[in-house]
Amino acid sequence: MNNQFLNCSGKLISLEKSLIMGILNITPDSFFDGDRYTVEPAWLKHTEKMLAEGADIIDVGCISTRPGAKAIDENEEIRKTITVLSSLIKNFPEIIISVDTYRAKVANEAVNAGAAIINDISGGMMDLQMYQTIARLNIPYILMHIQGTPETMQQNPSYQDVTKEIINFFSDKTNQLRLMGINDIIIDPGFGFGKTQEHNFQLLREMHLFKFVQHPLLIGISRKSMIWKRLNSSPEEALNGTTVLNTIALLKKADILRVHDVKEAKECLKLIDNMTI
């Protein structure tokens with residue numbers, strides 16, 4: 001693991017051991033848990049459960065980024081994000097929250113409301129003010145790779161060498177971010193975001209190569225179609241497959257797992273940790 005710390009609003013989080021990021025989607029149309037947590041009692045109950053099961057970070061998303069998703073109005077995203085953050089921080093004062101957004105204005109408002117990390121699926125490509133905003137806010141930034149936009153990304157994803165091209169993307173963007181004074185950078189290859197099934201499995205096989213970028217690595221494969229389409233099942237039936245691929249990701253030194261099912265991911269982590277004792 002990377003022997004580093006993330007400075008999350010003054011709270012130092014060690015990356016000596018892998019972290020678990022629990023997903024909290026406040027959207028009506030997410031591919032797995034859409035419409036489950038759109039009201040306060042539901043999102044508070046689910047957050048309490050994830051924290052009790054060992055989530056280190058809660059990743060809040062108020063705009064859907066599933067394949068084919070259309071963007072909601074920016075002001076509506078801000079309103080929903082601030083409402084959820086205020087509720088979570090009131091009820092769980094020690095919580096560390098990441099906000100999943102590709103809009104700089106949303107990122108700014110979210111951090112002002114108590115978010116500690118920004119998780120940008122576009123890697124700064126969908127809002128050119130994002131990098132400047134992150135530099136000014138001085139917070140950890142999750143830099144994800146995507147080809148296209150959520151609405152178009154799965155229409156015809158194409159690469160000469162998907163791993164090489166994404167590593168080159170990260171090398172270029174992390175250099176740019178460091179020159180702007182941004183040091184707490186987490187990279188995410190973006191499984192399923194403008195990638196075919198074959199691309200996804202190549203990225204997983206070659207995951208060790210991302211360590212050459214020298215930044216913490218986040219892996220988000222929870223219940224995605226690379227699992228359930230290969231098994232001829234559904235997102236609801238993809239927990240076992242998720243656990244298998246999360247185990248592989250941990251063995252290949254993933255620093256953060258972004259998951260729907262915290263308990264099972266935490267159990268993976270505990271068992272793998274026992275192999276190194």
# chains A, B, ... in the order shown; residues from 1 in each chain; ligands from 1
call {"tool": "residues_around", "arguments": {"residues": "range 203-217 of chain A", "least_positions_apart": "4", "cutoff": "7 Å", "atoms": "only C-alpha atoms", "output": "PyMOL selection string"}}
result
chain A and resi 2+163+167+170-171+185-188+199+252+254-256
call {"tool": "write_last_selection", "arguments": {"atoms": "N, CA and C atoms", "output": "PDB file, in the first residue's frame"}}
result
ATOM      1  N   ASN A   2       0.335   2.346  -0.495  1.00  0.00           N
ATOM      2  CA  ASN A   2       1.051   3.606  -0.423  1.00  0.00           C
ATOM      3  C   ASN A   2       1.089   4.074   1.019  1.00  0.00           C
ATOM      4  N   THR A 163      -4.850   0.275 -21.224  1.00  0.00           N
ATOM      5  CA  THR A 163      -4.050   0.527 -20.015  1.00  0.00           C
ATOM      6  C   THR A 163      -3.006   1.604 -20.267  1.00  0.00           C
ATOM      7  N   ILE A 167      -2.892   5.279 -18.392  1.00  0.00           N
ATOM      8  CA  ILE A 167      -1.712   5.654 -17.612  1.00  0.00           C
ATOM      9  C   ILE A 167      -1.122   6.959 -18.141  1.00  0.00           C
ATOM     10  N   PHE A 170      -3.274   9.755 -16.875  1.00  0.00           N
ATOM     11  CA  PHE A 170      -2.998  10.064 -15.472  1.00  0.00           C
ATOM     12  C   PHE A 170      -1.656  10.786 -15.307  1.00  0.00           C
ATOM     13  N   SER A 171      -0.645  10.360 -16.028  1.00  0.00           N
ATOM     14  CA  SER A 171       0.668  11.011 -15.923  1.00  0.00           C
ATOM     15  C   SER A 171       0.571  12.479 -16.298  1.00  0.00           C
ATOM     16  N   ILE A 185      -3.863  13.501  -4.591  1.00  0.00           N
ATOM     17  CA  ILE A 185      -4.528  13.045  -5.810  1.00  0.00           C
ATOM     18  C   ILE A 185      -4.703  11.537  -5.735  1.00  0.00           C
ATOM     19  N   ILE A 186      -5.914  11.076  -5.999  1.00  0.00           N
ATOM     20  CA  ILE A 186      -6.242   9.655  -6.057  1.00  0.00           C
ATOM     21  C   ILE A 186      -6.651   9.351  -7.493  1.00  0.00           C
ATOM     22  N   ILE A 187      -6.135   8.291  -8.069  1.00  0.00           N
ATOM     23  CA  ILE A 187      -6.483   7.957  -9.450  1.00  0.00           C
ATOM     24  C   ILE A 187      -7.467   6.801  -9.494  1.00  0.00           C
ATOM     25  N   ASP A 188      -8.384   6.855 -10.472  1.00  0.00           N
ATOM     26  CA  ASP A 188      -9.417   5.838 -10.654  1.00  0.00           C
ATOM     27  C   ASP A 188      -9.510   5.527 -12.150  1.00  0.00           C
ATOM     28  N   HIS A 199     -12.003  -4.252 -22.272  1.00  0.00           N
ATOM     29  CA  HIS A 199     -11.178  -3.184 -21.690  1.00  0.00           C
ATOM     30  C   HIS A 199     -11.144  -3.291 -20.166  1.00  0.00           C
ATOM     31  N   LYS A 252      -3.844  -6.886  -5.791  1.00  0.00           N
ATOM     32  CA  LYS A 252      -3.044  -6.076  -6.704  1.00  0.00           C
ATOM     33  C   LYS A 252      -2.788  -4.672  -6.145  1.00  0.00           C
ATOM     34  N   ALA A 254      -4.848  -2.307  -4.478  1.00  0.00           N
ATOM     35  CA  ALA A 254      -5.773  -1.174  -4.491  1.00  0.00           C
ATOM     36  C   ALA A 254      -5.737  -0.474  -3.141  1.00  0.00           C
ATOM     37  N   ASP A 255      -5.757   0.843  -3.152  1.00  0.00           N
ATOM     38  CA  ASP A 255      -5.722   1.620  -1.908  1.00  0.00           C
ATOM     39  C   ASP A 255      -7.111   1.930  -1.370  1.00  0.00           C
ATOM     40  N   ILE A 256      -8.085   2.053  -2.261  1.00  0.00           N
ATOM     41  CA  ILE A 256      -9.464   2.345  -1.862  1.00  0.00           C
ATOM     42  C   ILE A 256     -10.402   1.500  -2.721  1.00  0.00           C
TER      43      ILE A 256
END
call {"tool": "select_by_dssp", "arguments": {"residues": "range 21-223 of chain A", "states": "strand (DSSP E)", "output": "PyMOL selection string"}}
result
chain A and resi 21-25+57-61+97-100+117-120+141-144+185-188+218-219
call {"tool": "write_last_selection", "arguments": {"atoms": "C-alpha atoms", "output": "PDB file, in the first residue's frame"}}
result
ATOM      1  CA  MET A  21     -15.626   3.959   0.446  1.00  0.00           C
ATOM      2  CA  GLY A  22     -19.358   3.338   0.810  1.00  0.00           C
ATOM      3  CA  ILE A  23     -21.647   4.508  -1.999  1.00  0.00           C
ATOM      4  CA  LEU A  24     -24.650   6.704  -1.170  1.00  0.00           C
ATOM      5  CA  ASN A  25     -26.582   7.511  -4.339  1.00  0.00           C
ATOM      6  CA  ILE A  57     -15.510   7.379   3.581  1.00  0.00           C
ATOM      7  CA  ILE A  58     -19.071   7.927   2.356  1.00  0.00           C
ATOM      8  CA  ASP A  59     -19.312   8.925  -1.307  1.00  0.00           C
ATOM      9  CA  VAL A  60     -22.420  11.022  -1.959  1.00  0.00           C
ATOM     10  CA  GLY A  61     -23.771  11.268  -5.500  1.00  0.00           C
ATOM     11  CA  ILE A  97     -17.697  12.656   2.973  1.00  0.00           C
ATOM     12  CA  SER A  98     -16.663  12.531  -0.661  1.00  0.00           C
ATOM     13  CA  VAL A  99     -18.963  14.187  -3.203  1.00  0.00           C
ATOM     14  CA  ASP A 100     -19.301  12.631  -6.637  1.00  0.00           C
ATOM     15  CA  ILE A 117     -13.053  14.988  -0.935  1.00  0.00           C
ATOM     16  CA  ILE A 118     -14.227  15.599  -4.499  1.00  0.00           C
ATOM     17  CA  ASN A 119     -14.731  12.551  -6.729  1.00  0.00           C
ATOM     18  CA  ASP A 120     -14.738  13.720 -10.364  1.00  0.00           C
ATOM     19  CA  TYR A 141      -9.199  14.993  -5.493  1.00  0.00           C
ATOM     20  CA  ILE A 142     -10.225  11.728  -7.136  1.00  0.00           C
ATOM     21  CA  LEU A 143      -9.139  11.891 -10.767  1.00  0.00           C
ATOM     22  CA  MET A 144     -11.100   9.376 -12.824  1.00  0.00           C
ATOM     23  CA  ILE A 185      -4.528  13.045  -5.810  1.00  0.00           C
ATOM     24  CA  ILE A 186      -6.242   9.655  -6.057  1.00  0.00           C
ATOM     25  CA  ILE A 187      -6.483   7.957  -9.450  1.00  0.00           C
ATOM     26  CA  ASP A 188      -9.417   5.838 -10.654  1.00  0.00           C
ATOM     27  CA  LEU A 218      -9.201   3.716  -6.198  1.00  0.00           C
ATOM     28  CA  ILE A 219     -11.081   0.793  -7.742  1.00  0.00           C
TER      29      ILE A 219
END
call {"tool": "select_by_dssp", "arguments": {"residues": "range 107-202 of chain A", "states": "helix (DSSP H, G or I)", "output": "NGL selection string"}}
result
:A and (107-112 or 130-137 or 162-179 or 197-202)
call {"tool": "write_last_selection", "arguments": {"atoms": "C-alpha atoms", "output": "compact mmCIF listing (two decimals), in the first residue's frame"}}
result
# COMPACT_ATOMS: atom_id res chain seq x y z
CA ALA A 107 -17.63 20.98 -5.74
CA ASN A 108 -17.14 24.44 -4.25
CA GLU A 109 -20.54 24.48 -2.55
CA ALA A 110 -20.12 20.90 -1.32
CA VAL A 111 -16.78 21.59 0.36
CA ASN A 112 -18.17 24.75 1.94
CA MET A 130 -12.51 22.10 -11.73
CA TYR A 131 -8.73 22.01 -11.28
CA GLN A 132 -8.57 25.66 -10.23
CA THR A 133 -11.42 25.06 -7.79
CA ILE A 134 -9.70 22.03 -6.24
CA ALA A 135 -6.42 23.97 -5.93
CA ARG A 136 -8.19 26.80 -4.12
CA LEU A 137 -10.13 24.44 -1.84
CA VAL A 162 -6.50 0.89 -22.93
CA THR A 163 -4.05 0.53 -20.01
CA LYS A 164 -1.26 2.47 -21.68
CA GLU A 165 -3.57 5.28 -22.78
CA ILE A 166 -5.12 5.68 -19.33
CA ILE A 167 -1.71 5.65 -17.61
CA ASN A 168 -0.58 8.37 -20.03
CA PHE A 169 -3.74 10.33 -19.20
CA PHE A 170 -3.00 10.06 -15.47
CA SER A 171 0.67 11.01 -15.92
CA ASP A 172 -0.30 14.13 -17.85
CA LYS A 173 -3.12 15.21 -15.53
CA THR A 174 -1.31 14.51 -12.24
CA ASN A 175 1.66 16.55 -13.45
CA GLN A 176 -0.72 19.38 -14.31
CA LEU A 177 -2.42 19.14 -10.91
CA ARG A 178 0.86 19.08 -8.98
CA LEU A 179 2.01 22.22 -10.80
CA GLN A 197 -16.00 -5.63 -21.11
CA GLU A 198 -12.65 -6.59 -22.63
CA HIS A 199 -11.18 -3.18 -21.69
CA ASN A 200 -12.40 -3.60 -18.11
CA PHE A 201 -10.80 -7.01 -17.65
CA GLN A 202 -7.55 -5.87 -19.27
call {"tool": "closest_residue", "arguments": {"among": "A:Ala249, A:Ile139, A:Leu88, A:Ala265", "to": "Ala116 in chain A", "atoms": "only C-alpha atoms"}}
result
A:Ile139
call {"tool": "residues_around", "arguments": {"residues": "Leu239 in chain A", "least_positions_apart": "5", "cutoff": "8 Å", "atoms": "only C-alpha atoms", "output": "PyMOL selection string"}}
result
chain A and resi 222-223+261
call {"tool": "closest_residue", "arguments": {"among": "A:Ala42, A:Leu257, A:Ile63, A:Ile227", "to": "Thr27 in chain A", "atoms": "only C-alpha atoms"}}
result
A:Ile63
call {"tool": "closest_residue", "arguments": {"among": "A:Ser158, A:Asn274, A:Thr243, A:Thr81", "to": "Val259 in chain A", "atoms": "only C-alpha atoms"}}
result
A:Thr243
call {"tool": "closest_residue", "arguments": {"among": "A:Leu85, A:Asp127, A:Asn138, A:Pro235", "to": "Gly181 in chain A", "atoms": "only C-alpha atoms"}}
result
A:Asn138
call {"tool": "atom_distance", "arguments": {"atom1": "CA of Thr196 in chain A", "atom2": "CA of Tyr159 in chain A"}}
result
9.9 Å
call {"tool": "decode", "arguments": {"residues": "range 7-125 of chain A", "atoms": "C-alpha atoms", "output": "PDB file, in the first residue's frame"}}
result
ATOM      1  CA  ASN A   7      -5.707  15.467   4.581  1.00  0.00           C
ATOM      2  CA  CYS A   8      -9.488  15.513   4.775  1.00  0.00           C
ATOM      3  CA  SER A   9     -10.461  18.875   6.243  1.00  0.00           C
ATOM      4  CA  GLY A  10      -7.784  18.567   8.900  1.00  0.00           C
ATOM      5  CA  LYS A  11      -8.366  14.856   9.549  1.00  0.00           C
ATOM      6  CA  LEU A  12      -5.402  12.762   8.428  1.00  0.00           C
ATOM      7  CA  ILE A  13      -6.464   9.416   6.962  1.00  0.00           C
ATOM      8  CA  SER A  14      -3.745   6.804   6.620  1.00  0.00           C
ATOM      9  CA  LEU A  15      -3.425   4.794   3.417  1.00  0.00           C
ATOM     10  CA  GLU A  16      -1.113   2.264   5.044  1.00  0.00           C
ATOM     11  CA  LYS A  17      -4.067  -0.118   4.802  1.00  0.00           C
ATOM     12  CA  SER A  18      -6.734  -0.083   2.114  1.00  0.00           C
ATOM     13  CA  LEU A  19      -9.829   2.022   2.757  1.00  0.00           C
ATOM     14  CA  ILE A  20     -13.480   1.276   2.081  1.00  0.00           C
ATOM     15  CA  MET A  21     -15.626   3.959   0.446  1.00  0.00           C
ATOM     16  CA  GLY A  22     -19.358   3.338   0.810  1.00  0.00           C
ATOM     17  CA  ILE A  23     -21.647   4.508  -1.999  1.00  0.00           C
ATOM     18  CA  LEU A  24     -24.650   6.704  -1.170  1.00  0.00           C
ATOM     19  CA  ASN A  25     -26.582   7.511  -4.339  1.00  0.00           C
ATOM     20  CA  ILE A  26     -29.288  10.144  -3.874  1.00  0.00           C
ATOM     21  CA  THR A  27     -30.606   9.595  -7.379  1.00  0.00           C
ATOM     22  CA  PRO A  28     -33.768   8.025  -8.791  1.00  0.00           C
ATOM     23  CA  ASP A  29     -32.017   6.209 -11.647  1.00  0.00           C
ATOM     24  CA  SER A  30     -28.684   4.753 -10.540  1.00  0.00           C
ATOM     25  CA  PHE A  31     -28.003   1.359 -12.119  1.00  0.00           C
ATOM     26  CA  PHE A  32     -28.228  -0.612  -8.847  1.00  0.00           C
ATOM     27  CA  ASP A  33     -29.716   1.379  -5.967  1.00  0.00           C
ATOM     28  CA  GLY A  34     -31.663   4.079  -7.772  1.00  0.00           C
ATOM     29  CA  ASP A  35     -34.596   5.545  -5.788  1.00  0.00           C
ATOM     30  CA  ARG A  36     -33.674   3.664  -2.584  1.00  0.00           C
ATOM     31  CA  TYR A  37     -32.133   6.552  -0.658  1.00  0.00           C
ATOM     32  CA  THR A  38     -33.777   9.697  -2.028  1.00  0.00           C
ATOM     33  CA  VAL A  39     -35.479  10.655   1.265  1.00  0.00           C
ATOM     34  CA  GLU A  40     -33.759  11.529   4.530  1.00  0.00           C
ATOM     35  CA  PRO A  41     -34.827   8.571   6.721  1.00  0.00           C
ATOM     36  CA  ALA A  42     -33.560   6.159   4.053  1.00  0.00           C
ATOM     37  CA  TRP A  43     -30.205   7.839   3.438  1.00  0.00           C
ATOM     38  CA  LEU A  44     -29.565   8.235   7.169  1.00  0.00           C
ATOM     39  CA  LYS A  45     -30.357   4.571   7.865  1.00  0.00           C
ATOM     40  CA  HIS A  46     -28.135   3.386   5.022  1.00  0.00           C
ATOM     41  CA  THR A  47     -25.275   5.679   6.036  1.00  0.00           C
ATOM     42  CA  GLU A  48     -25.502   4.485   9.640  1.00  0.00           C
ATOM     43  CA  LYS A  49     -25.322   0.893   8.405  1.00  0.00           C
ATOM     44  CA  MET A  50     -22.279   1.557   6.192  1.00  0.00           C
ATOM     45  CA  LEU A  51     -20.421   3.369   8.964  1.00  0.00           C
ATOM     46  CA  ALA A  52     -21.196   0.585  11.445  1.00  0.00           C
ATOM     47  CA  GLU A  53     -19.874  -1.966   8.953  1.00  0.00           C
ATOM     48  CA  GLY A  54     -16.580  -0.119   8.668  1.00  0.00           C
ATOM     49  CA  ALA A  55     -16.816   2.427   5.852  1.00  0.00           C
ATOM     50  CA  ASP A  56     -13.979   4.943   6.077  1.00  0.00           C
ATOM     51  CA  ILE A  57     -15.510   7.379   3.581  1.00  0.00           C
ATOM     52  CA  ILE A  58     -19.071   7.927   2.356  1.00  0.00           C
ATOM     53  CA  ASP A  59     -19.312   8.925  -1.307  1.00  0.00           C
ATOM     54  CA  VAL A  60     -22.420  11.022  -1.959  1.00  0.00           C
ATOM     55  CA  GLY A  61     -23.771  11.268  -5.500  1.00  0.00           C
ATOM     56  CA  CYS A  62     -26.705  13.496  -6.372  1.00  0.00           C
ATOM     57  CA  ILE A  63     -26.409  13.163 -10.148  1.00  0.00           C
ATOM     58  CA  SER A  64     -26.574   9.866 -11.990  1.00  0.00           C
ATOM     59  CA  THR A  65     -23.505   8.827 -13.992  1.00  0.00           C
ATOM     60  CA  ARG A  66     -24.784   5.439 -15.188  1.00  0.00           C
ATOM     61  CA  PRO A  67     -24.419   4.707 -18.922  1.00  0.00           C
ATOM     62  CA  GLY A  68     -26.919   6.796 -20.878  1.00  0.00           C
ATOM     63  CA  ALA A  69     -27.686   9.134 -17.975  1.00  0.00           C
ATOM     64  CA  LYS A  70     -28.619  12.715 -18.771  1.00  0.00           C
ATOM     65  CA  ALA A  71     -27.384  15.549 -16.572  1.00  0.00           C
ATOM     66  CA  ILE A  72     -29.725  17.332 -14.177  1.00  0.00           C
ATOM     67  CA  ASP A  73     -29.701  21.104 -13.703  1.00  0.00           C
ATOM     68  CA  GLU A  74     -26.634  22.367 -11.822  1.00  0.00           C
ATOM     69  CA  ASN A  75     -28.694  24.315  -9.273  1.00  0.00           C
ATOM     70  CA  GLU A  76     -30.781  21.212  -8.589  1.00  0.00           C
ATOM     71  CA  GLU A  77     -27.605  19.182  -8.021  1.00  0.00           C
ATOM     72  CA  ILE A  78     -26.327  21.832  -5.601  1.00  0.00           C
ATOM     73  CA  ARG A  79     -29.633  21.933  -3.706  1.00  0.00           C
ATOM     74  CA  LYS A  80     -29.750  18.156  -3.302  1.00  0.00           C
ATOM     75  CA  THR A  81     -26.064  17.929  -2.371  1.00  0.00           C
ATOM     76  CA  ILE A  82     -26.261  20.613   0.332  1.00  0.00           C
ATOM     77  CA  THR A  83     -29.433  19.082   1.774  1.00  0.00           C
ATOM     78  CA  VAL A  84     -27.833  15.642   2.078  1.00  0.00           C
ATOM     79  CA  LEU A  85     -24.504  16.916   3.436  1.00  0.00           C
ATOM     80  CA  SER A  86     -26.219  19.008   6.112  1.00  0.00           C
ATOM     81  CA  SER A  87     -28.266  15.995   7.170  1.00  0.00           C
ATOM     82  CA  LEU A  88     -25.299  13.620   7.303  1.00  0.00           C
ATOM     83  CA  ILE A  89     -22.991  15.974   9.189  1.00  0.00           C
ATOM     84  CA  LYS A  90     -25.714  16.806  11.725  1.00  0.00           C
ATOM     85  CA  ASN A  91     -26.327  13.122  12.450  1.00  0.00           C
ATOM     86  CA  PHE A  92     -22.758  11.801  12.043  1.00  0.00           C
ATOM     87  CA  PRO A  93     -20.401  14.653  13.080  1.00  0.00           C
ATOM     88  CA  GLU A  94     -17.205  12.615  12.501  1.00  0.00           C
ATOM     89  CA  ILE A  95     -18.164  11.444   9.031  1.00  0.00           C
ATOM     90  CA  ILE A  96     -15.741  11.886   6.119  1.00  0.00           C
ATOM     91  CA  ILE A  97     -17.697  12.656   2.973  1.00  0.00           C
ATOM     92  CA  SER A  98     -16.663  12.531  -0.661  1.00  0.00           C
ATOM     93  CA  VAL A  99     -18.963  14.187  -3.203  1.00  0.00           C
ATOM     94  CA  ASP A 100     -19.301  12.631  -6.637  1.00  0.00           C
ATOM     95  CA  THR A 101     -19.573  15.555  -9.095  1.00  0.00           C
ATOM     96  CA  TYR A 102     -17.947  16.793 -12.292  1.00  0.00           C
ATOM     97  CA  ARG A 103     -19.065  20.410 -11.797  1.00  0.00           C
ATOM     98  CA  ALA A 104     -16.727  22.933 -10.200  1.00  0.00           C
ATOM     99  CA  LYS A 105     -19.518  25.037  -8.716  1.00  0.00           C
ATOM    100  CA  VAL A 106     -21.058  21.969  -7.082  1.00  0.00           C
ATOM    101  CA  ALA A 107     -17.627  20.983  -5.739  1.00  0.00           C
ATOM    102  CA  ASN A 108     -17.140  24.439  -4.252  1.00  0.00           C
ATOM    103  CA  GLU A 109     -20.543  24.477  -2.549  1.00  0.00           C
ATOM    104  CA  ALA A 110     -20.125  20.903  -1.320  1.00  0.00           C
ATOM    105  CA  VAL A 111     -16.784  21.591   0.358  1.00  0.00           C
ATOM    106  CA  ASN A 112     -18.175  24.753   1.944  1.00  0.00           C
ATOM    107  CA  ALA A 113     -20.971  22.563   3.343  1.00  0.00           C
ATOM    108  CA  GLY A 114     -18.543  20.034   4.850  1.00  0.00           C
ATOM    109  CA  ALA A 115     -17.430  17.614   2.139  1.00  0.00           C
ATOM    110  CA  ALA A 116     -13.782  16.598   2.486  1.00  0.00           C
ATOM    111  CA  ILE A 117     -13.053  14.988  -0.935  1.00  0.00           C
ATOM    112  CA  ILE A 118     -14.227  15.599  -4.499  1.00  0.00           C
ATOM    113  CA  ASN A 119     -14.731  12.551  -6.729  1.00  0.00           C
ATOM    114  CA  ASP A 120     -14.738  13.720 -10.364  1.00  0.00           C
ATOM    115  CA  ILE A 121     -15.727  11.073 -12.903  1.00  0.00           C
ATOM    116  CA  SER A 122     -14.609  13.339 -15.749  1.00  0.00           C
ATOM    117  CA  GLY A 123     -11.051  13.917 -14.547  1.00  0.00           C
ATOM    118  CA  GLY A 124     -11.591  17.653 -15.006  1.00  0.00           C
ATOM    119  CA  MET A 125     -12.618  17.284 -18.642  1.00  0.00           C
TER     120      MET A 125
END
